[in-house]
Structures are given as structure tokens and as C-alpha cells.
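To start, the structure itself, in C-alpha cells.
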Amino acid sequence: MKRLFPIFSILTAGLLVFAFYQAIWVAPTERTMGEVQRIFYYHVPSAWTAFLLFFINFLASLQFLANAKPSTQRAARWTVIAIGVLGAIAPYVPAVQSQLPAGLYPSSVATTALLIPAIYLLIGKFFSDQALDMLALTAAEVGVIFCSVVLVTGPIWARPVWGIWWTWDLRLTTTLVLWLIYVSYLVLRRFSDSAQTPKLAAVLAVFGALDIPLVYFSIWFFRTQHPQPVIGGGGSIDPRMMRVLLINWLAFSCLAALVCSARFRLEKLKRQVEEAQALESLLGSGESATQSKAQLPLSRGQQ
Amino acid sequence: MSIARPVVRTGGLVAENKEAMNPSLSQTARKEGAPSFWSLTWSTLAKDIRLEWRSKDALNAMIFFSLLVVVIFSFSFDPNAEESRAIAGGLIWVAFLFASIVALNQTWARELRNQVLDAYRVSPAPPTSLFLAKALGNFILVTVLEAVMAPLFIAFYNLRALGPAWQLIPVAVLATWALVVNGTFFAAMSLRTRSREIMLPLLLFPISIPAVQSMVEATRIILMGDGSARFDIVLLLTYDVVFTTASLGLFETVLHAE
């Protein structure tokens, strides 16, 4: 991992430069909005990345809570698999299909549904208890950053196009509330210093995830000013624009993964240092402390 | 935990620590004429109500606080009858939301003295009964506050409902429960954080946004006689059901987290 990091960083930097070039010079200028539309190549990929990270935070937190007991662990795993299977089959049932909003393809719903158990099981395979908590923290922190980018670039675009900076529209409000919930999650983590912070934070993450659909439906009745989603939303997009968007999304996802992995390692080291300090104070002062220092995992070995 | 091997008394049941550690033991204890779930809930609830009745600390603070909110809002906006009908829903619920923080903050803080909360932890009583008692206690407190403040609101803002006024009662019940169920839960969560008094609103307000949105919207619709509030009432009900279930399911984790 340590050796891969610089290679991955260089690759990501190159990809970001290429994506920037594509977005600014290669992509065609939009007919009505003009050049300002190019912010779309930053706004939308940031939003997708932020939502993906919050989703990972939720699944990691859920798994962290479920792993406390073997029975709940099993129950959670089968529930997630059942949700995935049901979600993959349901959109193809004619009765459900007719209920889908216009332009939302059954295949995209099914793919999203299948991603839930896929990510859940992948996380479970590679992360144990402590690592699950660190993953949740990392995903929330980086997610809040990307969500902030969305909330900043949105008004910059809206001012010339809509003539206003902000409107209490369905998507804008939901994104803002999502951001608020995850900021409160980070505040809880900062303010709580007991050893049980991971548990409390995981509980809050689950509450936040339960809240999001309710937020969405509570603003459902309001007029929706935000452009309908152009991908799978019935709108049409120039294939050249779509290509640039996907390149940007890939670059942003790589950047998010890079930042997450760096933050994850930092958190791991921080916990090791804290553990070492606690151990040191337990062992007491004098020769025992100096002796124990030599055995501490601070000597940067296997990280 | 600072106490060693306590003997816990919960509603007449004397249980040793090891029983609390072993749920199957406590289950057998329950079968042998131990108090039921509801009698445990009732004994905690009755204790809290008695404490509040004797001191009236929280209630007085809440009533005076929301009175101040009413007066200050009235000065800041100076609305006429038609305007006040449109904004009263928001004012009422914001005042109640802020005031209920007072009650919610002291819910669990009271139990920290003399390690009462530690005693709850080791007792074989189900944690859900404790949570339910606390939430119901807060519900009663906030309901009393609303009953006292509603006439004042009506008088100060010259309110008269143009829609079906009886619908305000289910809205009030559902909205109050929505505020206190999550409030009680997050108060327990913020118990172990630094500066917990400020922590509670920071956790509670973002999660409460959909509930506040629908309670304000429902009140506005009813006051202005502007269509049907059914959608908002259903949404409040959904919110209540979802978060009551989540709180009851996860409270044990939070109670034992230290």
C-alpha cells in the first residue's frame, strides 16, 4: 500500500489534469448557458462522489453496529442481501415499473440496488471492527468536503443561470440537510472523547441515513427548480459532454480514494500513538517507559 | 465504571450484578413474578413526574423561555393578523423546539448524580422500558408547556384557524412525540461528550428538519385553511414510527456505551 501510494497519486494527478483539459477546452459549449455550464463537470462528479462516500459511511457504520453480536451480524448480512435481490427484481415487475418516475430506467434502479450488498460485503471482507470505524470516519470527512464543493459550485452556477444564488428546492435542500447531518456527525466525533465514540457515531450515522428519505419526501411538494437529472432522467446530453463528465467523475473518484487512503493511514497511526501513550502511562515512569518505547509500533514498520 | 458489584433495586426486584450480565438469568427472574415491562416503565415515569412536580425547575424555565420567544418574535416581525396566520406555525414550533431542549437536557443529567445511570446499566430491567419512560416523561412535560403556551400564542397573534381546527390536536401530539423521542435518545448520546448541553441541539436539529418542516407546514395549512394537511400528518406519523423503532432498537447500545 505504501509503495502504491505515490504511483496512484501521480496517476490521479495526471487524470485530473486531463479531465480539466477536457472540461475546459474539449467539451462543447452549451447553447443557452454558455461557458458557465462547464462548472457542471465539477458539480455533478463531486455530488456523485459525496453521495457514494456517505453511502459507504452508512454501510460501514451499520456493519460496525451489527458486528457486536454474531446473531445481529448474520441478520444484517441477510437483510442487506435480501434488499439487494428485491431491489434488483422489483423494477422489472410491471406493477412497480409503472410507478417509477419518468426517465428512471429499471436497469439503473437494479444496479443501484445490487451495489448495496456488494459494497456491504466488500467492506466486511476487508475491514475489521476498528478499521470499519476508521472507514466510516474517513468517508464522512471526505464526503463532507465533496459535499461542500457541491454546495459552493451550485450557487456559482445558479447566479447567472437562474438569477438567484439559492432556492429551497428539493435537491438543494436535501443536499444541504445531508451536509448538516454529516457535519453534526463530525462534531459528535470531535466532542466525544470516551472509548465508545465509534459506537455513538455509528448510531448517529444510522439515524442520519434513516432521515434522508424523510427529508426528501418532506420537501417533495415544493416546486423543483433544479434541472432534472440528465443521466437517466429523461433529459438528453451530448455524447461528447457525457464522455467528459465520466472522465471527470473518474478523476474525482480517484482523488477521493487517494485522500481517503491517506486519511485512513493517518487515523490508524494516530490511534497507534494514542494506544502507545496510554500503554506508556500505564507502565509508569522510569526505565519501564523507555524500555517499552522500543517495542511500540511507532518505529514505522508494517504500516 | 467506578462502582463494584452493586445490588440494584428496580421496582422491588433485587438483582445481583451477574444476573444483569446474563440475560437468560434475568429472563428466569422475570418469570418468577418480577415486575413487568410496563410496571417498570411506570415506576420510572412516576419517579420523574414526582421529581418534576416537586421542583418544577424544567417546566418553569421552559414556560418562561417560550414566553420570551413569543414576545421577541412579536417585536421582530410585528405582523398583522393575516401575516401572523402564515408565520405562526413556524413561530410556535420553533419556540417549542428550543424550549424542549431544556427538558431534554436534564433528562439524563439528573441520573448521573450518585451513579444512578450505572445502576440502570447493571439492572436486569430492559433498557427499552427506561427509554420509553424518559420519552413519555418528556412528552408530558412538553405537552403541558404547549397547553399553557397555546392560549398565549392565540392571544398575542390574534390567531383564528380558517381550516379544521381539531386537526391541530393530532398534529400537536405527533409533532411533540417527534421532538421528544429523538431528543431523549440524543440526550442520552450526548451524555458522554464534552459540553453536552450544546451537543444536544447540534445533534437533534439536523435530524429533526423533516419533522419540523412537516409540523410547521401542517399548522400553516390548518391555520390558513389552505388545502389538506393529510400529507404532512402522514409524514409526521412515518417519522414517529421510524425513529421510535430505531431509538428502541439502538438504545441498549447507547446506554451501555461509556
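Ordering of the C-alpha cells sets the chain letters (A, B, ...); residue numbers start at 1 within each chain; ligands are numbered from 1 in the order shown.
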
Near chain B, 7 Å: chain A residue rows, closest pairs, only C-alpha atoms, as JSON lines:
{"residue": "A:Val177", "atom": "CA", "partner": "B:Pro206", "partner_atom": "CA", "distance": 6.6}
{"residue": "A:Leu180", "atom": "CA", "partner": "B:Pro206", "partner_atom": "CA", "distance": 6.0}
{"residue": "A:Ile181", "atom": "CA", "partner": "B:Pro206", "partner_atom": "CA", "distance": 5.4}
{"residue": "A:Ser184", "atom": "CA", "partner": "B:Leu203", "partner_atom": "CA", "distance": 5.7}
{"residue": "A:Phe191", "atom": "CA", "partner": "B:Arg194", "partner_atom": "CA", "distance": 5.5}
{"residue": "A:Ser192", "atom": "CA", "partner": "B:Thr193", "partner_atom": "CA", "distance": 4.2}
{"residue": "A:Asp193", "atom": "CA", "partner": "B:Thr193", "partner_atom": "CA", "distance": 6.6}
{"residue": "A:Ser194", "atom": "CA", "partner": "B:Glu258", "partner_atom": "CA", "distance": 6.4}
{"residue": "A:Ala195", "atom": "CA", "partner": "B:Glu258", "partner_atom": "CA", "distance": 6.9}
{"residue": "A:Gln196", "atom": "CA", "partner": "B:Ala257", "partner_atom": "CA", "distance": 5.4}
{"residue": "A:Leu200", "atom": "CA", "partner": "B:Val254", "partner_atom": "CA", "distance": 6.4}
{"residue": "A:Gly208", "atom": "CA", "partner": "B:Ile207", "partner_atom": "CA", "distance": 6.4}
{"residue": "A:Asp211", "atom": "CA", "partner": "B:Ile207", "partner_atom": "CA", "distance": 6.3}
{"residue": "A:Leu214", "atom": "CA", "partner": "B:Pro210", "partner_atom": "CA", "distance": 6.1}
{"residue": "A:Val215", "atom": "CA", "partner": "B:Pro210", "partner_atom": "CA", "distance": 4.8}
{"residue": "A:Ser218", "atom": "CA", "partner": "B:Pro210", "partner_atom": "CA", "distance": 5.7}

Name all residues at most 12 Å from Pro151 in chain B (count only C-alpha atoms; drop same-chain ones fewer than 6 positions away) and give them as a ChimeraX atom specification.
/B:67,70,92,145,157-160

Any chance you could export the current selection's N, CA and C atoms as a PDB file, in the first residue's frame?
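Below is the file out.pdb, written as the result:
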ATOM      1  N   LEU B  67     -42.172  31.985  26.478  1.00  0.00           N
ATOM      2  CA  LEU B  67     -42.834  33.285  26.566  1.00  0.00           C
ATOM      3  C   LEU B  67     -41.923  34.370  25.996  1.00  0.00           C
ATOM      4  N   VAL B  70     -41.902  34.181  22.247  1.00  0.00           N
ATOM      5  CA  VAL B  70     -43.117  34.760  21.673  1.00  0.00           C
ATOM      6  C   VAL B  70     -43.009  36.279  21.615  1.00  0.00           C
ATOM      7  N   ILE B  92     -44.526  29.025  16.578  1.00  0.00           N
ATOM      8  CA  ILE B  92     -44.938  28.133  17.664  1.00  0.00           C
ATOM      9  C   ILE B  92     -43.961  26.969  17.791  1.00  0.00           C
ATOM     10  N   LEU B 145     -46.383  22.248  28.566  1.00  0.00           N
ATOM     11  CA  LEU B 145     -45.880  23.531  28.069  1.00  0.00           C
ATOM     12  C   LEU B 145     -46.752  24.054  26.937  1.00  0.00           C
ATOM     13  N   TYR B 157     -51.067  36.793  18.910  1.00  0.00           N
ATOM     14  CA  TYR B 157     -51.014  36.893  17.450  1.00  0.00           C
ATOM     15  C   TYR B 157     -52.401  36.948  16.813  1.00  0.00           C
ATOM     16  N   ASN B 158     -53.438  37.053  17.653  1.00  0.00           N
ATOM     17  CA  ASN B 158     -54.817  37.117  17.144  1.00  0.00           C
ATOM     18  C   ASN B 158     -55.115  35.991  16.162  1.00  0.00           C
ATOM     19  N   LEU B 159     -54.830  34.773  16.596  1.00  0.00           N
ATOM     20  CA  LEU B 159     -54.969  33.643  15.676  1.00  0.00           C
ATOM     21  C   LEU B 159     -56.408  33.139  15.666  1.00  0.00           C
ATOM     22  N   ARG B 160     -56.835  32.753  14.479  1.00  0.00           N
ATOM     23  CA  ARG B 160     -58.111  32.054  14.349  1.00  0.00           C
ATOM     24  C   ARG B 160     -57.958  31.119  13.156  1.00  0.00           C
TER      25      ARG B 160
END

Contacts of Met62 in chain B at 8 Å (only C-alpha atoms; same-chain gap of 6+ positions) as a PyMOL selection string
chain B and resi 99-100+102-103+145

Kindly give the distance, in Å, that separates CA of Ala229 in chain B and CA of Leu162 in chain B, rounded to a single decimal.
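So the two atoms, CA of Ala229 in chain B and CA of Leu162 in chain B, lie 12.8 Å apart.
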
Among the residues of range 6-201 of chain B, find those DSSP assigns to strand (DSSP E or B) from the backbone and print them as a list of chain:residue names.
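In range 6-201 of chain B, DSSP puts these residues in strand (DSSP E or B): B:Val8, B:Arg9, B:Thr10, B:Leu13, B:Val14, B:Ala15, B:Thr193.
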
Straight-line distance linking CA of Thr176 in chain B with CA of Leu178 in chain A, stated in Å to one decimal:
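Result for CA of Thr176 in chain B versus CA of Leu178 in chain A: 23.4 Å, one decimal.
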
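Between Val244 in chain A and the residues A:Pro70, A:Gly87, A:Pro45, A:Gly284, the shortest atom-to-atom distance, using only C-alpha atoms, involves A:Pro45.
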
Please provide the set of residues having any atom within 12 Å of Val71 in chain B, restricted to only C-alpha atoms, with same-chain residues fewer than 6 positions apart removed, written as a PyMOL selection string.
chain B and resi 64-65+77-78+91-92+95+149+152-153+155-157

Which residues, written as a list in words, have at least one atom at most 9 Å from Pro127 in chain B, with only C-alpha atoms counted and residues fewer than 3 positions away on the same chain left out?
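Neighbouring residues, sequence-local ones excluded: Tyr120, Arg121, Ser123, Pro124, Leu130, Phe131, Leu132, Leu248, Phe251, Glu252 and Leu255 of chain B.
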
Tell me which protein, DNA and RNA residues are within 7 Å of Ser46 in chain A, counting only C-alpha atoms, leaving out same-chain ones fewer than 3 positions away, and put them as a PyMOL selection string.
chain A and resi 42-43+49-50+146-147+149-150+252

Which of A:Val44, A:Met242, A:Ile116, A:Val142 sits closest to Ala27 in chain A [using only C-alpha atoms]:
A:Met242

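Of the residues listed (B:Glu197, B:Glu146, B:Asp240, B:Asp226), B:Glu146 shows the shortest atom-to-atom separation from Trp93 in chain B; distances use only C-alpha atoms.
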
Between B:Ile198, B:Ile101, B:Leu223, B:Ile154, which one has atoms that come closest to Ala61 in chain B, using only C-alpha atoms?
B:Ile101
